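**Student:** Just dropping this structure here.
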Amino acid sequence: MLNELLRATRAHTLALAAPLSGEDAQLQSMPDASPAKWHLAHTTWFFETLVLEPHLNGYAIFDARWPRLFNSYYESLGPRHARPQRGLLSRPSLDEVRAYRAHVDAALSDLLPHAPPEALALIELGCHHEQQHQELLLTDILHAFSCNPLLPAYDTAAPRPAAPPEPSWLRHAGGIVDIGHDGASFAFDNEGPRHQTLLAPFEISNRLVTCAEFTDFIASGGYREPLLWLSDGWAAVQAQGWQRPAYWLEDGSVFGLHGVQALDPGAPVMQLSFYEACAFAEWAGARLPTEFEWEAACGLPGFAQAVDQAWQWTRSSYAPYPGFRPATGAVGEYNGKFMVGQQVLRGGSLATPPGHARPTYRNFFPPASRWQFSGLRLAR
């Protein structure tokens with residue numbers, strides 16, 4: 001089972017990068033994004049550094065100079081190349097990075113039949129970590145392509161128009177609810193410990209806010225009315241000149257992975273910051289759900305578009321659950337140290353690998369981020 005997960009995950013990353021030229025794979029369009037080539041190498045560095053070096057006798061590191069290039073933020077694992085400068089790494093080449101992946105994949109195949117339990121756990125973590133980077137590879141290349149005046153398509157296949165469910169409110173009775181992962185299968189450490197939370201009765205929308213609904217917000221002057229906005233959000237609107245979601249074009253079309261397309265009124269609105277989501281909710285006479293309300297409600301009959309359309313901003317700051325302790329060793333740097341200044345998103349998106357998301361999954365980004373496939377669901 002783990003062998004199949006590893007094989008499929010590693011193959012899918014290569015398939016996502018296959019449409020990209022060497023020049024495409026080199027692009028870094030902003031400090032928060034990374035080149036596709038770096039994603040290919042970093043996910044490989046993870047397995048080499050955390051799995052193979054400590055657990056495979058006689059393993060020969062592919063290139064002793066590379067860990068500095070492809071370490072992301074693991075302070076305990078040595079120095080790193082600065083994140084905003086990853087696009088300057090023209091060497092190693094894309095072909096050399098592919099050879100690196102093949103070298104590490106072969107070594108993982110050698111290790112798997114006799115890997116100790118701690119190595120198997122790290123391999124499973126590495127697969128889920130790589131799935132996260134698969135989504136980032138797509139969001140990052142989309143941002144890079146959006147900076148190109150030609151607005152090239154990553155995938156030329158035209159998307160199918162969306163048919164959203166009829167809107168309705170789903171009621172949750174509130175009370176004491178169990179929140180967090182129960183430990184029965186894989187989860188990231190920030191999804192636990194499972195604990196109880198008290199919720200007041202609430203209602204939540206059965207579906208995500210659509211492009212048509214957000215168009216109405218724009219037409220009503222939503223981006224010009226400061227009373228709808230959080231203070232930092234209004235400052236961002238003024239400083240950045242926001243007038244519409246990221247990748248919405250002045251002629252009413254939208255840029256996405258499939259290139260420039262006509263706006264689909266029924267599709268969920270995406271590429272929103274937390275600030276835009278909050279302003280829309282205020283305009284609509286509603287609010288964003290907390291992450292605990294979202295998790296408690298996602299199993300209600302009629303709860304649609306949970307994990308395969310757009311990540312959904314919540315009103316919850318990214319913070320540890322009661323009793324949370326980071327994992328020991330380097331992997332303890334994976335989630336816990338980012339628990340400040342960020343908002344939780346729940347669900348999943350059209351770029352999330354199938355099977356990666358689950359009801360307890362906690363995504364997180366700074367509130368001004370609008371380059372992800374992020375939308376919103378209303379509550380009241």
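So you can find residues: chains in the structure tokens are A, B, ... in the order shown, residues in each start at 1, and ligands are numbered from 1 in order.
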Need to verify the contact set: region 155-162 of chain A, 7 Å, only C-alpha atoms, exclusion of same-chain residues closer than 4 positions in sequence. Can you return it as a VMD selection string?
**Tutor:** chain A and resid 257 to 259 264 266 to 267
**Student:** Residues within 8 Å of Ala297 (chain A), please, as a PyMOL selection string. Count only C-alpha atoms; anything in the same chain fewer than 4 positions from it doesn't count.
**Tutor:** chain A and resi 172+204+293+303
**Student:** Excluding Tyr247 (chain A) and any residue of its chain fewer than 2 positions from it, enumerate the residues within 12 Å of it, using only C-alpha atoms, and give them as a PDB file with C-alpha atoms, in the first residue's frame.
**Tutor:**
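Dumped everything to around_20.pdb:
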```pdb
ATOM      1  CA  THR A 139      -0.490  27.734  -8.057  1.00  0.00           C
ATOM      2  CA  LEU A 142      -0.229  29.998 -12.644  1.00  0.00           C
ATOM      3  CA  HIS A 143       1.060  33.138 -10.948  1.00  0.00           C
ATOM      4  CA  ALA A 144       4.162  33.117 -13.136  1.00  0.00           C
ATOM      5  CA  PHE A 145       2.102  32.732 -16.317  1.00  0.00           C
ATOM      6  CA  SER A 146      -0.199  35.555 -15.146  1.00  0.00           C
ATOM      7  CA  CYS A 147       2.832  37.868 -15.302  1.00  0.00           C
ATOM      8  CA  LEU A 151      -1.145  34.796 -20.666  1.00  0.00           C
ATOM      9  CA  TRP A 242      -7.485  45.797  -5.714  1.00  0.00           C
ATOM     10  CA  GLN A 243     -10.670  46.115  -7.784  1.00  0.00           C
ATOM     11  CA  ARG A 244     -11.518  42.473  -8.436  1.00  0.00           C
ATOM     12  CA  PRO A 245     -10.172  38.997  -7.547  1.00  0.00           C
ATOM     13  CA  LEU A 249      -9.312  40.674 -16.267  1.00  0.00           C
ATOM     14  CA  GLU A 250     -10.745  44.087 -17.104  1.00  0.00           C
ATOM     15  CA  ASP A 251     -12.750  42.742 -20.055  1.00  0.00           C
ATOM     16  CA  GLY A 252     -14.710  40.385 -17.796  1.00  0.00           C
ATOM     17  CA  SER A 253     -12.737  37.240 -18.592  1.00  0.00           C
ATOM     18  CA  VAL A 254     -10.687  35.189 -16.136  1.00  0.00           C
ATOM     19  CA  PHE A 255      -7.157  33.800 -16.381  1.00  0.00           C
ATOM     20  CA  GLY A 256      -6.542  30.325 -15.023  1.00  0.00           C
ATOM     21  CA  LEU A 257      -4.734  27.074 -15.646  1.00  0.00           C
ATOM     22  CA  GLY A 259      -5.645  30.214 -20.092  1.00  0.00           C
ATOM     23  CA  VAL A 260      -8.063  33.088 -20.616  1.00  0.00           C
ATOM     24  CA  GLN A 261     -11.686  31.968 -20.370  1.00  0.00           C
ATOM     25  CA  ALA A 262     -15.057  33.679 -20.177  1.00  0.00           C
ATOM     26  CA  LEU A 263     -16.207  34.217 -16.613  1.00  0.00           C
ATOM     27  CA  VAL A 269     -15.090  32.623  -6.945  1.00  0.00           C
ATOM     28  CA  MET A 270     -11.396  32.010  -6.314  1.00  0.00           C
ATOM     29  CA  GLN A 271      -8.093  33.828  -5.830  1.00  0.00           C
ATOM     30  CA  LEU A 272      -9.504  35.818  -2.933  1.00  0.00           C
ATOM     31  CA  ARG A 370      -4.720  35.769  -3.077  1.00  0.00           C
ATOM     32  CA  TRP A 371      -2.669  33.553  -5.414  1.00  0.00           C
ATOM     33  CA  GLN A 372      -4.117  30.307  -4.111  1.00  0.00           C
ATOM     34  CA  PHE A 373      -7.357  28.658  -5.228  1.00  0.00           C
TER      35      PHE A 373
END
```
**Student:** Once DSSP has gone over the backbone, tell me which residues of region 235-319 of chain A are in alpha helix (DSSP H), as a VMD selection string.
**Tutor:** chain A and resid 235 to 240 274 to 283 291 to 297
**Student:** Rounded to one decimal place, report the CA of Phe217 (chain A)-CA of Cys278 (chain A) distance in Å.
**Tutor:**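 Separation between CA of Phe217 (chain A) and CA of Cys278 (chain A): 12.0 Å.
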**Student:** Leaving out Asp63 (chain A) and any residue of its chain fewer than 4 positions from it, which residues lie within 12 Å of it when counting only C-alpha atoms, given as a ChimeraX atom specification?
**Tutor:** /A:41,45,48-49,59,67-70,92,96-97,99-101,103-104
**Student:** Can you write out the residues you just picked, keeping N, CA, C and O atoms, as a PDB file, in the first residue's frame?
**Tutor:**
```pdb
ATOM      1  N   ALA A  41      12.874  19.230  -6.960  1.00  0.00           N
ATOM      2  CA  ALA A  41      14.089  18.887  -6.215  1.00  0.00           C
ATOM      3  C   ALA A  41      13.849  18.857  -4.712  1.00  0.00           C
ATOM      4  O   ALA A  41      14.359  17.972  -4.013  1.00  0.00           O
ATOM      5  N   TRP A  45      14.740  16.061  -2.051  1.00  0.00           N
ATOM      6  CA  TRP A  45      15.641  16.321  -0.920  1.00  0.00           C
ATOM      7  C   TRP A  45      15.008  15.820   0.383  1.00  0.00           C
ATOM      8  O   TRP A  45      15.711  15.284   1.256  1.00  0.00           O
ATOM      9  N   GLU A  48      15.594  12.141   0.577  1.00  0.00           N
ATOM     10  CA  GLU A  48      17.016  11.833   0.707  1.00  0.00           C
ATOM     11  C   GLU A  48      17.521  12.151   2.111  1.00  0.00           C
ATOM     12  O   GLU A  48      18.229  11.351   2.733  1.00  0.00           O
ATOM     13  N   THR A  49      17.133  13.325   2.628  1.00  0.00           N
ATOM     14  CA  THR A  49      17.679  13.809   3.888  1.00  0.00           C
ATOM     15  C   THR A  49      17.050  13.148   5.104  1.00  0.00           C
ATOM     16  O   THR A  49      17.755  12.769   6.051  1.00  0.00           O
ATOM     17  N   TYR A  59      23.922   4.431   1.628  1.00  0.00           N
ATOM     18  CA  TYR A  59      23.327   5.351   0.660  1.00  0.00           C
ATOM     19  C   TYR A  59      24.335   6.432   0.276  1.00  0.00           C
ATOM     20  O   TYR A  59      24.969   7.044   1.140  1.00  0.00           O
ATOM     21  N   PRO A  67      21.946  19.914  -0.850  1.00  0.00           N
ATOM     22  CA  PRO A  67      21.053  20.143   0.291  1.00  0.00           C
ATOM     23  C   PRO A  67      20.874  21.621   0.622  1.00  0.00           C
ATOM     24  O   PRO A  67      19.772  22.040   1.011  1.00  0.00           O
ATOM     25  N   ARG A  68      21.901  22.413   0.467  1.00  0.00           N
ATOM     26  CA  ARG A  68      21.769  23.850   0.738  1.00  0.00           C
ATOM     27  C   ARG A  68      20.798  24.514  -0.240  1.00  0.00           C
ATOM     28  O   ARG A  68      20.120  25.480   0.114  1.00  0.00           O
ATOM     29  N   LEU A  69      20.727  24.008  -1.450  1.00  0.00           N
ATOM     30  CA  LEU A  69      19.852  24.593  -2.458  1.00  0.00           C
ATOM     31  C   LEU A  69      18.392  24.252  -2.220  1.00  0.00           C
ATOM     32  O   LEU A  69      17.503  25.065  -2.504  1.00  0.00           O
ATOM     33  N   PHE A  70      18.120  23.051  -1.713  1.00  0.00           N
ATOM     34  CA  PHE A  70      16.755  22.531  -1.733  1.00  0.00           C
ATOM     35  C   PHE A  70      16.142  22.308  -0.358  1.00  0.00           C
ATOM     36  O   PHE A  70      15.014  21.841  -0.252  1.00  0.00           O
ATOM     37  N   PRO A  92      21.414  23.419 -10.626  1.00  0.00           N
ATOM     38  CA  PRO A  92      21.418  22.358 -11.632  1.00  0.00           C
ATOM     39  C   PRO A  92      20.278  22.503 -12.637  1.00  0.00           C
ATOM     40  O   PRO A  92      19.278  23.172 -12.367  1.00  0.00           O
ATOM     41  N   GLU A  96      19.132  17.466 -14.768  1.00  0.00           N
ATOM     42  CA  GLU A  96      19.871  16.986 -13.602  1.00  0.00           C
ATOM     43  C   GLU A  96      18.938  16.752 -12.420  1.00  0.00           C
ATOM     44  O   GLU A  96      19.116  15.787 -11.658  1.00  0.00           O
ATOM     45  N   VAL A  97      17.931  17.599 -12.257  1.00  0.00           N
ATOM     46  CA  VAL A  97      16.963  17.404 -11.178  1.00  0.00           C
ATOM     47  C   VAL A  97      16.161  16.135 -11.419  1.00  0.00           C
ATOM     48  O   VAL A  97      15.885  15.374 -10.479  1.00  0.00           O
ATOM     49  N   ALA A  99      17.265  13.514 -12.944  1.00  0.00           N
ATOM     50  CA  ALA A  99      18.185  12.422 -12.608  1.00  0.00           C
ATOM     51  C   ALA A  99      18.280  12.249 -11.094  1.00  0.00           C
ATOM     52  O   ALA A  99      18.395  11.108 -10.595  1.00  0.00           O
ATOM     53  N   TYR A 100      18.248  13.344 -10.372  1.00  0.00           N
ATOM     54  CA  TYR A 100      18.237  13.305  -8.907  1.00  0.00           C
ATOM     55  C   TYR A 100      17.018  12.546  -8.404  1.00  0.00           C
ATOM     56  O   TYR A 100      17.115  11.674  -7.525  1.00  0.00           O
ATOM     57  N   ARG A 101      15.854  12.832  -8.961  1.00  0.00           N
ATOM     58  CA  ARG A 101      14.646  12.133  -8.571  1.00  0.00           C
ATOM     59  C   ARG A 101      14.774  10.631  -8.841  1.00  0.00           C
ATOM     60  O   ARG A 101      14.387   9.804  -8.005  1.00  0.00           O
ATOM     61  N   HIS A 103      17.482   8.828  -8.989  1.00  0.00           N
ATOM     62  CA  HIS A 103      18.454   8.270  -8.048  1.00  0.00           C
ATOM     63  C   HIS A 103      17.796   7.996  -6.694  1.00  0.00           C
ATOM     64  O   HIS A 103      17.960   6.903  -6.114  1.00  0.00           O
ATOM     65  N   VAL A 104      17.048   8.959  -6.201  1.00  0.00           N
ATOM     66  CA  VAL A 104      16.408   8.810  -4.901  1.00  0.00           C
ATOM     67  C   VAL A 104      15.280   7.781  -4.967  1.00  0.00           C
ATOM     68  O   VAL A 104      15.096   6.976  -4.036  1.00  0.00           O
TER      69      VAL A 104
END
```
**Student:** For CA of His181 (chain A) and CA of Tyr334 (chain A), determine how far apart the two atoms are, in Å to one decimal place.
**Tutor:** 17.2 Å
